[in-house]
$ cat run-v9.txt   # compact mmCIF, C-alpha atoms and all ligand atoms
# COMPACT_ATOMS: atom_id res chain seq x y z
CA MET W 1 0.00 0.00 0.00
CA LYS W 2 1.27 3.42 -0.88
CA HIS W 3 1.39 6.07 1.81
CA ARG W 4 -1.34 8.65 1.33
CA SER W 5 0.91 11.60 0.57
CA GLU W 6 2.94 9.44 -1.77
CA LYS W 7 -0.23 8.50 -3.61
CA LYS W 8 -1.17 12.15 -3.90
CA ALA W 9 2.26 13.06 -5.26
CA VAL W 10 1.88 10.41 -7.97
CA GLN W 11 -1.57 11.64 -8.85
CA GLU W 12 -0.32 15.21 -9.07
CA GLN W 13 2.15 14.15 -11.69
CA GLU W 14 -0.50 12.58 -13.87
CA LEU W 15 -1.35 14.38 -17.05
CA ASP W 16 -4.58 16.20 -17.63
CA VAL W 17 -4.85 14.68 -21.10
CA GLU W 18 -8.16 16.30 -21.96
CA GLN W 19 -6.66 19.72 -21.19
CA ILE W 20 -3.58 18.87 -23.25
CA ARG W 21 -5.67 17.70 -26.19
CA ARG W 22 -7.29 21.13 -26.41
CA ASP W 23 -3.83 22.59 -27.14
CA PHE W 24 -3.59 20.58 -30.38
CA PRO W 25 -5.91 21.98 -33.05
CA ILE W 26 -5.41 19.02 -35.41
CA LEU W 27 -6.93 16.62 -32.88
CA MET W 28 -10.28 18.33 -33.39
CA ARG W 29 -10.28 17.24 -37.04
CA LYS W 30 -12.62 14.58 -38.29
CA ILE W 31 -11.06 11.97 -40.55
CA ARG W 32 -13.56 10.59 -43.06
CA GLY W 33 -16.26 11.57 -40.63
CA LYS W 34 -14.56 9.76 -37.73
CA ARG W 35 -12.78 10.95 -34.63
CA LEU W 36 -9.01 11.08 -35.24
CA ALA W 37 -6.92 8.60 -33.25
CA TYR W 38 -3.40 9.66 -34.16
CA LEU W 39 -1.09 6.77 -33.33
CA ASP W 40 1.94 7.44 -35.52
CA ASN W 41 3.97 9.56 -33.15
CA ALA W 42 7.23 7.72 -33.80
CA ALA W 43 7.03 9.09 -37.36
CA THR W 44 6.17 12.63 -36.33
CA THR W 45 4.15 14.33 -33.62
CA GLN W 46 1.39 16.91 -33.77
CA LYS W 47 2.04 20.54 -32.79
CA PRO W 48 0.44 22.51 -29.99
CA SER W 49 -0.88 26.03 -30.67
CA LYS W 50 2.01 27.48 -28.63
CA VAL W 51 4.52 26.10 -31.15
CA ILE W 52 2.48 27.17 -34.17
CA GLU W 53 2.10 30.65 -32.66
CA ALA W 54 5.78 31.01 -31.78
CA ILE W 55 6.69 30.38 -35.42
CA ALA W 56 3.99 32.75 -36.72
CA GLU W 57 5.06 35.39 -34.20
CA TYR W 58 8.64 35.28 -35.49
CA TYR W 59 7.48 35.82 -39.06
CA ARG W 60 4.93 38.45 -38.07
CA ARG W 61 7.00 40.50 -35.66
CA TYR W 62 10.77 39.98 -35.88
CA ASN W 63 11.68 38.13 -39.07
CA ALA W 64 15.28 39.01 -40.00
CA ASN W 65 18.49 37.18 -40.69
CA ILE W 66 20.67 36.44 -37.68
CA HIS W 67 24.25 37.21 -36.68
CA ARG W 68 24.56 40.14 -39.07
CA GLY W 69 21.98 42.85 -38.73
CA ALA W 70 22.80 46.02 -36.82
CA TYR W 71 19.11 46.62 -36.28
CA LEU W 72 16.52 45.62 -33.72
CA LEU W 73 14.74 42.94 -35.77
CA SER W 74 17.98 41.06 -36.37
CA GLU W 75 19.01 41.44 -32.74
CA GLU W 76 15.72 39.94 -31.62
CA ALA W 77 15.90 37.07 -34.11
CA THR W 78 19.53 36.36 -33.13
CA ALA W 79 18.68 36.38 -29.43
CA ALA W 80 15.73 33.99 -29.95
CA TYR W 81 17.75 31.62 -32.14
CA GLU W 82 20.68 31.57 -29.71
CA GLU W 83 18.36 31.14 -26.73
CA ALA W 84 16.88 28.11 -28.50
CA HIS W 85 20.33 26.49 -28.41
CA ALA W 86 20.66 27.30 -24.71
CA LYS W 87 17.21 25.82 -24.06
CA VAL W 88 18.11 22.58 -25.82
CA ALA W 89 21.35 22.45 -23.81
CA ARG W 90 19.43 22.76 -20.52
CA PHE W 91 16.78 20.26 -21.66
CA ILE W 92 19.35 17.50 -22.23
CA GLY W 93 21.73 18.54 -19.47
CA ALA W 94 24.60 19.60 -21.74
CA GLU W 95 27.58 21.26 -20.05
CA GLU W 96 27.78 24.03 -22.63
CA THR W 97 25.62 25.63 -25.31
CA ALA W 98 28.65 25.31 -27.61
CA SER W 99 27.85 21.58 -27.75
CA ILE W 100 24.47 22.14 -29.41
CA ILE W 101 24.38 22.21 -33.21
CA PHE W 102 21.13 22.66 -35.06
CA THR W 103 20.74 20.44 -38.11
CA ARG W 104 17.76 19.62 -40.34
CA ASN W 105 16.92 16.44 -38.47
CA CYS W 106 18.38 13.45 -36.65
CA THR W 107 19.56 12.00 -39.95
CA GLU W 108 21.63 15.06 -40.76
CA ALA W 109 23.06 15.12 -37.24
CA ILE W 110 24.34 11.54 -37.65
CA ASN W 111 25.66 12.35 -41.13
CA LEU W 112 27.56 15.30 -39.66
CA VAL W 113 29.38 12.92 -37.32
CA ALA W 114 30.00 10.34 -40.07
CA TYR W 115 31.37 12.93 -42.49
CA SER W 116 33.31 15.20 -40.18
CA TRP W 117 34.38 12.96 -37.27
CA GLY W 118 34.42 9.69 -39.23
CA ARG W 119 36.48 10.96 -42.11
CA THR W 120 38.95 12.67 -39.78
CA PHE W 121 39.52 10.11 -37.05
CA LEU W 122 38.96 6.72 -38.67
CA LYS W 123 41.48 4.79 -40.71
CA PRO W 124 41.37 1.51 -42.64
CA GLY W 125 40.96 -1.47 -40.35
CA ASP W 126 39.12 0.48 -37.64
CA ARG W 127 35.78 -0.86 -36.47
CA ILE W 128 32.37 0.64 -35.76
CA VAL W 129 29.86 -1.32 -33.69
CA LEU W 130 26.18 -0.93 -34.56
CA THR W 131 23.19 -2.96 -33.39
CA GLN W 132 20.85 -4.97 -35.56
CA MET W 133 17.96 -2.71 -34.61
CA GLU W 134 19.24 0.56 -36.10
CA HIS W 135 17.12 2.89 -38.18
CA HIS W 136 18.59 3.42 -41.67
CA SER W 137 19.69 6.88 -40.45
CA ASN W 138 22.16 5.24 -38.11
CA LEU W 139 23.22 2.61 -40.59
CA VAL W 140 23.54 3.95 -44.13
CA PRO W 141 25.94 6.83 -43.27
CA TRP W 142 28.26 4.23 -41.68
CA LEU W 143 27.95 1.88 -44.66
CA GLN W 144 29.04 4.77 -46.89
CA LEU W 145 31.94 5.56 -44.59
CA ALA W 146 32.98 1.91 -44.40
CA LYS W 147 33.13 1.68 -48.18
CA GLU W 148 35.10 4.88 -48.48
CA LYS W 149 37.57 4.40 -45.64
CA GLY W 150 37.93 0.62 -45.54
CA ILE W 151 36.61 0.31 -42.03
CA GLU W 152 34.73 -2.65 -40.62
CA ILE W 153 31.20 -2.67 -39.20
CA ALA W 154 30.36 -5.20 -36.51
CA TYR W 155 26.72 -5.80 -35.63
CA TRP W 156 25.56 -6.43 -32.10
CA PRO W 157 22.86 -9.09 -32.48
CA ILE W 158 19.50 -8.77 -30.78
CA GLU W 159 18.13 -11.45 -28.49
CA LYS W 160 14.86 -13.27 -29.18
CA ASP W 161 12.89 -10.79 -27.09
CA GLY W 162 14.31 -7.82 -29.02
CA THR W 163 16.77 -6.68 -26.37
CA LEU W 164 20.56 -6.40 -26.40
CA ASP W 165 22.68 -8.62 -24.16
CA LEU W 166 25.42 -6.48 -22.62
CA GLY W 167 27.48 -9.64 -22.17
CA ARG W 168 28.01 -9.79 -25.93
CA LEU W 169 29.44 -6.29 -26.23
CA ASP W 170 32.99 -6.74 -24.92
CA SER W 171 33.89 -9.37 -27.50
CA LEU W 172 32.62 -7.08 -30.27
CA LEU W 173 34.59 -4.11 -29.02
CA GLY W 174 38.14 -5.51 -29.04
CA ASP W 175 40.86 -2.93 -29.50
CA LYS W 176 39.95 -1.84 -33.03
CA THR W 177 36.58 -0.26 -32.27
CA ARG W 178 36.55 3.52 -32.50
CA LEU W 179 32.81 4.10 -32.25
CA VAL W 180 29.69 2.42 -30.91
CA SER W 181 26.60 3.94 -32.50
CA VAL W 182 23.36 2.77 -30.98
CA THR W 183 19.72 3.73 -30.81
CA HIS W 184 18.43 4.67 -27.36
CA VAL W 185 14.91 3.39 -28.08
CA SER W 186 14.07 1.21 -31.07
CA ASN W 187 11.45 2.74 -33.38
CA VAL W 188 10.27 -0.79 -34.25
CA LEU W 189 10.64 -2.89 -31.11
CA GLY W 190 10.29 -0.22 -28.46
CA THR W 191 13.37 -1.67 -26.74
CA ILE W 192 15.10 0.74 -24.38
CA ASN W 193 18.83 0.14 -24.59
CA PRO W 194 21.14 0.52 -21.58
CA VAL W 195 23.10 3.35 -23.17
CA ARG W 196 24.86 4.48 -19.99
CA GLU W 197 26.41 1.04 -19.52
CA ILE W 198 27.18 0.81 -23.23
CA ALA W 199 28.95 4.19 -23.06
CA GLU W 200 31.00 3.03 -20.09
CA ARG W 201 32.14 -0.14 -21.83
CA ALA W 202 32.82 1.67 -25.11
CA HIS W 203 34.99 4.21 -23.31
CA GLN W 204 36.86 1.47 -21.44
CA ALA W 205 37.71 -0.03 -24.83
CA GLY W 206 38.86 3.37 -26.11
CA ALA W 207 35.83 3.93 -28.36
CA ALA W 208 33.46 6.89 -28.60
CA ILE W 209 29.68 6.51 -28.41
CA LEU W 210 26.91 8.05 -30.48
CA ILE W 211 23.34 7.75 -29.24
CA ASP W 212 20.47 7.98 -31.71
CA ALA W 213 17.97 9.65 -29.39
CA ALA W 214 15.21 10.23 -31.97
CA GLN W 215 12.81 8.07 -29.94
CA SER W 216 14.07 8.88 -26.43
CA VAL W 217 14.54 12.63 -25.94
CA PRO W 218 10.88 13.29 -26.89
CA HIS W 219 9.56 10.75 -24.36
CA PHE W 220 11.63 10.83 -21.18
CA ALA W 221 14.28 12.92 -19.46
CA VAL W 222 17.68 12.37 -21.07
CA ASN W 223 20.83 13.82 -19.54
CA VAL W 224 23.91 13.70 -21.74
CA GLN W 225 26.28 14.18 -18.81
CA GLU W 226 24.79 11.24 -16.93
CA LEU W 227 24.98 9.10 -20.05
CA ASN W 228 28.48 10.39 -20.73
CA CYS W 229 27.97 10.12 -24.48
CA ASP W 230 30.23 11.69 -27.06
CA PHE W 231 27.42 12.39 -29.54
CA LEU W 232 23.64 12.40 -29.32
CA ALA W 233 21.22 13.10 -32.16
CA PHE W 234 17.48 13.80 -32.34
CA SER W 235 14.75 15.55 -34.36
CA GLY W 236 12.52 18.45 -33.33
CA HIS W 237 9.47 17.20 -35.22
CA LYS W 238 9.19 14.09 -33.05
CA MET W 239 8.86 16.23 -29.92
CA LEU W 240 6.09 18.71 -30.84
CA GLY W 241 8.47 20.98 -32.79
CA PRO W 242 8.38 21.78 -36.51
CA THR W 243 10.00 19.73 -39.26
CA GLY W 244 13.35 20.86 -40.61
CA ILE W 245 15.10 21.26 -37.27
CA GLY W 246 17.20 18.65 -35.50
CA VAL W 247 19.97 18.57 -32.95
CA LEU W 248 23.45 17.19 -32.65
CA TYR W 249 24.93 17.28 -29.17
CA ALA W 250 28.67 16.64 -29.17
CA LYS W 251 31.38 17.01 -26.57
CA THR W 252 33.31 20.15 -27.39
CA LYS W 253 36.59 18.22 -27.17
CA TRP W 254 35.49 16.57 -30.42
CA LEU W 255 33.87 19.61 -32.04
CA GLU W 256 37.05 21.61 -31.59
CA LYS W 257 39.03 19.00 -33.52
CA MET W 258 36.44 18.20 -36.18
CA PRO W 259 36.47 20.03 -39.52
CA PRO W 260 33.26 21.75 -40.66
CA PHE W 261 30.69 19.51 -42.34
CA LEU W 262 29.34 22.22 -44.65
CA SER W 263 31.10 25.49 -45.33
CA GLY W 264 30.16 28.96 -46.50
CA GLY W 265 28.60 31.92 -44.75
CA ASP W 266 28.17 32.34 -40.99
CA MET W 267 30.53 29.49 -40.07
CA ILE W 268 33.74 31.49 -40.58
CA SER W 269 35.65 34.08 -38.60
CA ASP W 270 38.01 35.25 -41.39
CA VAL W 271 38.27 34.49 -45.07
CA THR W 272 40.94 35.47 -47.57
CA PHE W 273 41.29 34.44 -51.21
CA GLU W 274 43.55 31.66 -49.98
CA GLU W 275 41.98 30.29 -46.82
CA ALA W 276 39.34 30.50 -44.14
CA ARG W 277 39.25 30.32 -40.35
CA TRP W 278 36.30 28.92 -38.49
CA ASN W 279 33.77 30.66 -36.31
CA GLU W 280 33.42 29.72 -32.65
CA LEU W 281 31.27 26.77 -31.57
CA PRO W 282 28.58 25.86 -32.32
CA TRP W 283 28.37 28.21 -35.35
CA LYS W 284 31.34 26.54 -37.03
CA PHE W 285 28.89 23.72 -37.81
CA GLU W 286 25.94 25.82 -38.95
CA ALA W 287 26.78 27.07 -42.44
CA GLY W 288 24.46 29.49 -44.23
CA THR W 289 21.19 31.01 -43.04
CA PRO W 290 19.81 28.44 -40.65
CA ASN W 291 16.24 27.39 -39.93
CA ILE W 292 15.56 30.31 -37.61
CA ALA W 293 11.83 29.72 -37.36
CA GLY W 294 12.48 26.04 -36.75
CA GLY W 295 14.83 26.78 -33.87
CA ILE W 296 12.27 29.14 -32.34
CA GLY W 297 9.53 26.52 -32.79
CA LEU W 298 11.68 23.85 -31.16
CA ALA W 299 12.31 26.15 -28.19
CA ALA W 300 8.54 26.61 -27.80
CA ALA W 301 8.10 22.82 -27.92
CA ILE W 302 10.68 22.41 -25.16
CA ASP W 303 8.89 25.05 -23.06
CA TYR W 304 5.65 23.13 -23.53
CA LEU W 305 7.15 19.77 -22.58
CA SER W 306 9.07 21.25 -19.64
CA ALA W 307 5.94 22.85 -18.19
CA ILE W 308 4.29 19.40 -18.17
CA GLY W 309 7.40 17.55 -17.05
CA MET W 310 9.06 14.65 -18.80
CA GLU W 311 8.40 12.37 -15.84
CA ALA W 312 4.66 12.84 -16.33
CA VAL W 313 4.94 12.36 -20.11
CA TRP W 314 6.82 9.10 -19.58
CA ARG W 315 4.40 7.75 -16.98
CA HIS W 316 1.42 8.56 -19.16
CA GLU W 317 2.88 6.73 -22.15
CA GLN W 318 3.72 3.75 -19.98
CA GLN W 319 0.09 3.51 -18.89
CA LEU W 320 -1.05 3.58 -22.52
CA VAL W 321 1.49 0.89 -23.48
CA GLU W 322 0.38 -1.38 -20.64
CA TYR W 323 -3.28 -0.91 -21.50
CA THR W 324 -2.68 -1.52 -25.22
CA LEU W 325 -0.55 -4.61 -24.66
CA ALA W 326 -3.21 -6.04 -22.36
CA ARG W 327 -5.93 -5.43 -24.98
CA LEU W 328 -3.79 -6.86 -27.80
CA LYS W 329 -2.96 -9.97 -25.79
CA GLU W 330 -6.68 -10.70 -25.50
CA MET W 331 -6.84 -11.04 -29.27
CA GLU W 332 -6.03 -14.10 -31.30
CA ASP W 333 -3.69 -14.13 -34.28
CA ILE W 334 -1.63 -11.21 -33.04
CA ARG W 335 2.13 -11.31 -32.88
CA ILE W 336 3.74 -8.53 -30.89
CA PHE W 337 7.36 -7.68 -31.62
CA GLY W 338 9.88 -6.57 -29.02
CA PRO W 339 10.06 -6.94 -25.25
CA LEU W 340 6.87 -7.23 -23.24
CA SER W 341 8.08 -5.01 -20.42
CA MET W 342 10.40 -2.01 -20.01
CA ARG W 343 9.71 -0.62 -23.42
CA GLY W 344 9.04 2.76 -24.95
CA GLY W 345 5.73 3.92 -26.39
CA VAL W 346 6.06 1.98 -29.63
CA ILE W 347 4.24 -1.29 -30.36
CA SER W 348 4.85 -3.18 -33.60
CA PHE W 349 2.61 -6.09 -34.37
CA GLU W 350 1.36 -8.43 -37.03
CA LEU W 351 -2.23 -9.51 -37.48
CA LYS W 352 -1.71 -12.92 -39.03
CA GLY W 353 -2.93 -13.23 -42.60
CA ILE W 354 -3.40 -9.50 -43.16
CA HIS W 355 -0.70 -7.43 -44.78
CA PRO W 356 0.22 -4.44 -42.59
CA HIS W 357 -0.42 -2.03 -45.48
CA ASP W 358 -3.94 -3.37 -45.96
CA LEU W 359 -4.49 -3.09 -42.24
CA ALA W 360 -3.26 0.52 -42.09
CA THR W 361 -5.49 1.47 -45.04
CA PHE W 362 -8.47 -0.15 -43.36
CA MET W 363 -7.65 1.62 -40.08
CA ASP W 364 -7.59 4.97 -41.86
CA MET W 365 -11.23 4.46 -42.81
CA GLU W 366 -11.90 4.25 -39.08
CA GLY W 367 -10.00 7.46 -38.30
CA VAL W 368 -7.04 5.53 -36.85
CA ALA W 369 -3.63 6.64 -38.12
CA ILE W 370 -1.06 3.86 -37.74
CA ARG W 371 2.15 3.11 -39.55
CA ALA W 372 2.79 0.09 -41.73
CA GLY W 373 6.05 -0.78 -43.42
CA HIS W 374 9.66 -1.56 -42.67
CA HIS W 375 10.01 1.59 -40.55
CA CYS W 376 13.37 2.37 -42.19
CA ALA W 377 14.83 -0.72 -40.53
CA GLN W 378 14.96 -3.27 -43.34
CA PRO W 379 17.84 -5.34 -41.89
CA LEU W 380 15.85 -5.69 -38.65
CA MET W 381 12.77 -6.82 -40.62
CA SER W 382 14.86 -9.62 -42.15
CA ILE W 383 15.77 -10.81 -38.64
CA LEU W 384 12.15 -10.66 -37.53
CA GLY W 385 11.31 -12.65 -40.66
CA VAL W 386 8.68 -10.26 -41.96
CA PRO W 387 8.70 -7.72 -44.81
CA ALA W 388 6.81 -5.17 -42.73
CA THR W 389 4.92 -4.67 -39.48
CA ALA W 390 2.01 -2.54 -38.35
CA ARG W 391 2.90 -0.10 -35.57
CA VAL W 392 1.20 2.16 -33.08
CA SER W 393 3.16 4.77 -31.17
CA PHE W 394 2.00 7.15 -28.47
CA TYR W 395 2.53 10.63 -27.14
CA LEU W 396 1.25 12.82 -24.36
CA TYR W 397 -2.05 13.71 -26.07
CA ASN W 398 -3.13 10.12 -26.68
CA ASN W 399 -5.80 8.71 -24.40
CA LYS W 400 -7.59 5.47 -23.64
CA GLU W 401 -10.24 6.38 -26.17
CA ASP W 402 -7.58 6.34 -28.91
CA VAL W 403 -6.55 2.84 -27.86
CA ASP W 404 -10.16 1.64 -27.70
CA GLN W 405 -10.84 3.08 -31.15
CA PHE W 406 -7.75 1.29 -32.44
CA ILE W 407 -8.72 -2.06 -30.89
CA GLN W 408 -12.26 -1.72 -32.21
CA ALA W 409 -10.93 -1.00 -35.70
CA LEU W 410 -8.61 -3.99 -35.40
CA ASN W 411 -11.52 -6.28 -34.59
CA LYS W 412 -13.46 -4.83 -37.47
CA ALA W 413 -10.50 -5.45 -39.78
CA LYS W 414 -10.33 -9.08 -38.68
CA GLU W 415 -14.00 -9.43 -39.53
CA TYR W 416 -13.61 -7.64 -42.84
CA PHE W 417 -10.64 -9.69 -43.95
CA LYS W 418 -12.58 -12.80 -42.87
CA ARG W 419 -10.28 -13.94 -40.12
N1 LIG W 501 16.48 7.32 -35.66
C1 LIG W 501 15.37 6.72 -35.21
C2 LIG W 501 15.46 5.75 -34.07
C3 LIG W 501 14.13 7.05 -35.78
O1 LIG W 501 13.03 6.47 -35.31
C4 LIG W 501 14.09 7.98 -36.85
C5 LIG W 501 12.81 8.30 -37.55
C6 LIG W 501 15.28 8.57 -37.26
C7 LIG W 501 16.45 8.21 -36.65
C8 LIG W 501 15.32 9.59 -38.34
O2 LIG W 501 14.68 10.76 -37.98
P1 LIG W 501 14.54 11.94 -39.05
O3 LIG W 501 13.75 12.98 -38.36
O4 LIG W 501 15.91 12.36 -39.39
O5 LIG W 501 13.82 11.35 -40.23
N2 LIG W 501 11.83 7.31 -37.45
C9 LIG W 501 10.69 7.24 -38.17
C10 LIG W 501 9.74 6.25 -37.97
O6 LIG W 501 9.84 5.37 -37.13
N3 LIG W 501 8.72 6.44 -38.84
O7 LIG W 501 8.99 7.52 -39.57
C11 LIG W 501 10.21 8.02 -39.17
$ encode --input "run-v9.txt" --output "structure tokens"
Amino acid sequence: MKHRSEKKAVQEQELDVEQIRRDFPILMRKIRGKRLAYLDNAATTQKPSKVIEAIAEYYRRYNANIHRGAYLLSEEATAAYEEAHAKVARFIGAEETASIIFTRNCTEAINLVAYSWGRTFLKPGDRIVLTQMEHHSNLVPWLQLAKEKGIEIAYWPIEKDGTLDLGRLDSLLGDKTRLVSVTHVSNVLGTINPVREIAERAHQAGAAILIDAAQSVPHFAVNVQELNCDFLAFSGHKMLGPTGIGVLYAKTKWLEKMPPFLSGGDMISDVTFEEARWNELPWKFEAGTPNIAGGIGLAAAIDYLSAIGMEAVWRHEQQLVEYTLARLKEMEDIRIFGPLSMRGGVISFELKGIHPHDLATFMDMEGVAIRAGHHCAQPLMSILGVPATARVSFYLYNNKEDVDQFIQALNKAKEYFKR
């Protein structure tokens, strides 16, 4: 039995989902005459009015280029864009704002590391360790690098339940590994990987660690200093922010030694006809006019999430996952992929005999938006032995009604496809 005050404290942290839902205009939309149950949050999330307004406000009131204008509009835009970096730094517990580089998305953040760090510090014969559950974003850039530099990629296999066994890591590391690049939360299996322990072992073996945090930073508190990672990448659009803005966190000890990824305006301090010197961090890695509105929108998203608290967001999603898994387990002919406990808010499944694409199309007629496909993880699909899965994924505005609507549609689909 929980102590009374303890119980109250837990309740206080629970989300007022109905209140939250009112902040998201799109959730009021009817889809083919049906209530919208948006369950594709791993692909992208919806935006609250505060984020939409912050972007509109920038364009309405202080649109100007940054880092160059000697006038008020540019000063305001510069201050807002720089403050967005500081806000991201605080949100993920970074030591310095200089560690925060804005990119287009998580994919570009990982490419930045592969191109700049990889091509500078890796030599033929070196090894990179990846897991079998990586998104193509954390796989293809390394395949390219491997081809170009003659490095080796070793894959950390997944266990039957979709988790990683830490016991297998040391033998993969050896003394040739320079980088371990691993997803924090799988966008297919929902597996939460023990990235702090992985970082520790990687460092002991003399390797750096990159964490693909596309599916973690939006859903629970992540602290880069606690994880002691060298690099961490994520996307703004998966955490209530706009598309076109992503983040690379990197330890400044690396950023200082890495050459620019892209070059041109804004990333220099001095240029002659013969050579150029680089601007201070993080601007050395942000060439050209950046996505100013995107940075401002991301900052508004972080304000929104911070006001609610990541602990509450996480607990809410966990409740939805538990409820959904319990409902799915009641059904016949369902195969659920990934671990059955300690998982993020992503559930991939197969309804036997029905192709996931047919299922997703049917669901759409019922107002339920789910994802079907290989989820940009084709090698993982081959291990699971399926070409595709269906997937639901949650966020803070989802409620029990969404899950019920989904389960109802699933039953209807079974009927329709004559299961
Ligand atoms: N890493 C992981 C783990 C992801 O889930 C995704 C996107 C990315 C990287 C790439 O993010 P981007 O913003 O650069 O595209 N995942 C998905 C998904 O699961 N469905 O659509 C996109």
$ closest_atom_pairs --input "run-v9.txt" --of "chain W" --to "ligand LIG 501 (chain W)" --cutoff "8 Å" --atoms "all atoms listed in the file" --output "Markdown table"
| residue | atom | partner | partner_atom | distance |
| --- | --- | --- | --- | --- |
| W:Asp40 | CA | W:LIG501 | N3 | 7.6 |
| W:Ala42 | CA | W:LIG501 | O6 | 4.8 |
| W:Ala43 | CA | W:LIG501 | O7 | 3.3 |
| W:Thr44 | CA | W:LIG501 | O7 | 6.7 |
| W:Arg104 | CA | W:LIG501 | O4 | 7.6 |
| W:Asn105 | CA | W:LIG501 | O4 | 4.3 |
| W:Cys106 | CA | W:LIG501 | O4 | 3.8 |
| W:Thr107 | CA | W:LIG501 | O4 | 3.7 |
| W:Glu108 | CA | W:LIG501 | O4 | 6.5 |
| W:Ala109 | CA | W:LIG501 | O4 | 8.0 |
| W:Glu134 | CA | W:LIG501 | C2 | 6.7 |
| W:His135 | CA | W:LIG501 | N1 | 5.1 |
| W:His136 | CA | W:LIG501 | C7 | 7.3 |
| W:Ser137 | CA | W:LIG501 | C7 | 5.2 |
| W:Asn138 | CA | W:LIG501 | N1 | 6.5 |
| W:Thr183 | CA | W:LIG501 | C2 | 5.7 |
| W:His184 | CA | W:LIG501 | C2 | 7.4 |
| W:Val185 | CA | W:LIG501 | C2 | 6.5 |
| W:Ser186 | CA | W:LIG501 | C2 | 5.6 |
| W:Asn187 | CA | W:LIG501 | O1 | 4.5 |
| W:Val188 | CA | W:LIG501 | O6 | 6.8 |
| W:Asp212 | CA | W:LIG501 | N1 | 5.7 |
| W:Ala213 | CA | W:LIG501 | C2 | 6.6 |
| W:Ala214 | CA | W:LIG501 | C1 | 4.8 |
| W:Gln215 | CA | W:LIG501 | C2 | 5.4 |
| W:Phe234 | CA | W:LIG501 | O2 | 7.0 |
| W:Ser235 | CA | W:LIG501 | O3 | 4.9 |
| W:Gly236 | CA | W:LIG501 | O3 | 7.5 |
| W:His237 | CA | W:LIG501 | O3 | 6.8 |
| W:Lys238 | CA | W:LIG501 | O3 | 7.1 |
| W:Thr243 | CA | W:LIG501 | O3 | 7.8 |
| W:Gly246 | CA | W:LIG501 | O3 | 7.2 |
| W:Arg371 | CA | W:LIG501 | N3 | 7.4 |
| W:His375 | CA | W:LIG501 | O6 | 5.1 |
| W:Cys376 | CA | W:LIG501 | C10 | 6.8 |
$ closest_residue --input "run-v9.txt" --among "W:Pro260, W:Gly241, W:Pro218, W:Gly367" --to "Ile101 in chain W" --atoms "all atoms listed in the file"
W:Pro260
$ residues_near_point --input "run-v9.txt" --point "(40.6, 23.0, -32.7)" --cutoff "12 Å" --atoms "only C-alpha atoms" --output "NGL selection string"
:W and (252-260 or 277-281 or 284)
$ residues_near_point --input "run-v9.txt" --point "(27.1, 5.5, -29.4)" --cutoff "6 Å" --atoms "only C-alpha atoms" --output "short mmCIF file (atom, residue, chain, number, x, y, z; two decimals) with C-alpha atoms, in the coordinates of the input"
data_model
loop_
_atom_site.label_atom_id
_atom_site.label_comp_id
_atom_site.auth_asym_id
_atom_site.auth_seq_id
_atom_site.Cartn_x
_atom_site.Cartn_y
_atom_site.Cartn_z
CA VAL W 180 29.69 2.42 -30.91
CA SER W 181 26.60 3.94 -32.50
CA VAL W 182 23.36 2.77 -30.98
CA ILE W 209 29.68 6.51 -28.41
CA LEU W 210 26.91 8.05 -30.48
CA ILE W 211 23.34 7.75 -29.24
#
$ closest_residue --input "run-v9.txt" --among "W:Gly385, W:Gly309, W:Gly338, W:Gly33" --to "Met365 in chain W" --atoms "all atoms listed in the file"
W:Gly33
$ atom_distance --input "run-v9.txt" --atom1 "CA of Ile336 in chain W" --atom2 "CA of Thr324 in chain W"
11.1 Å
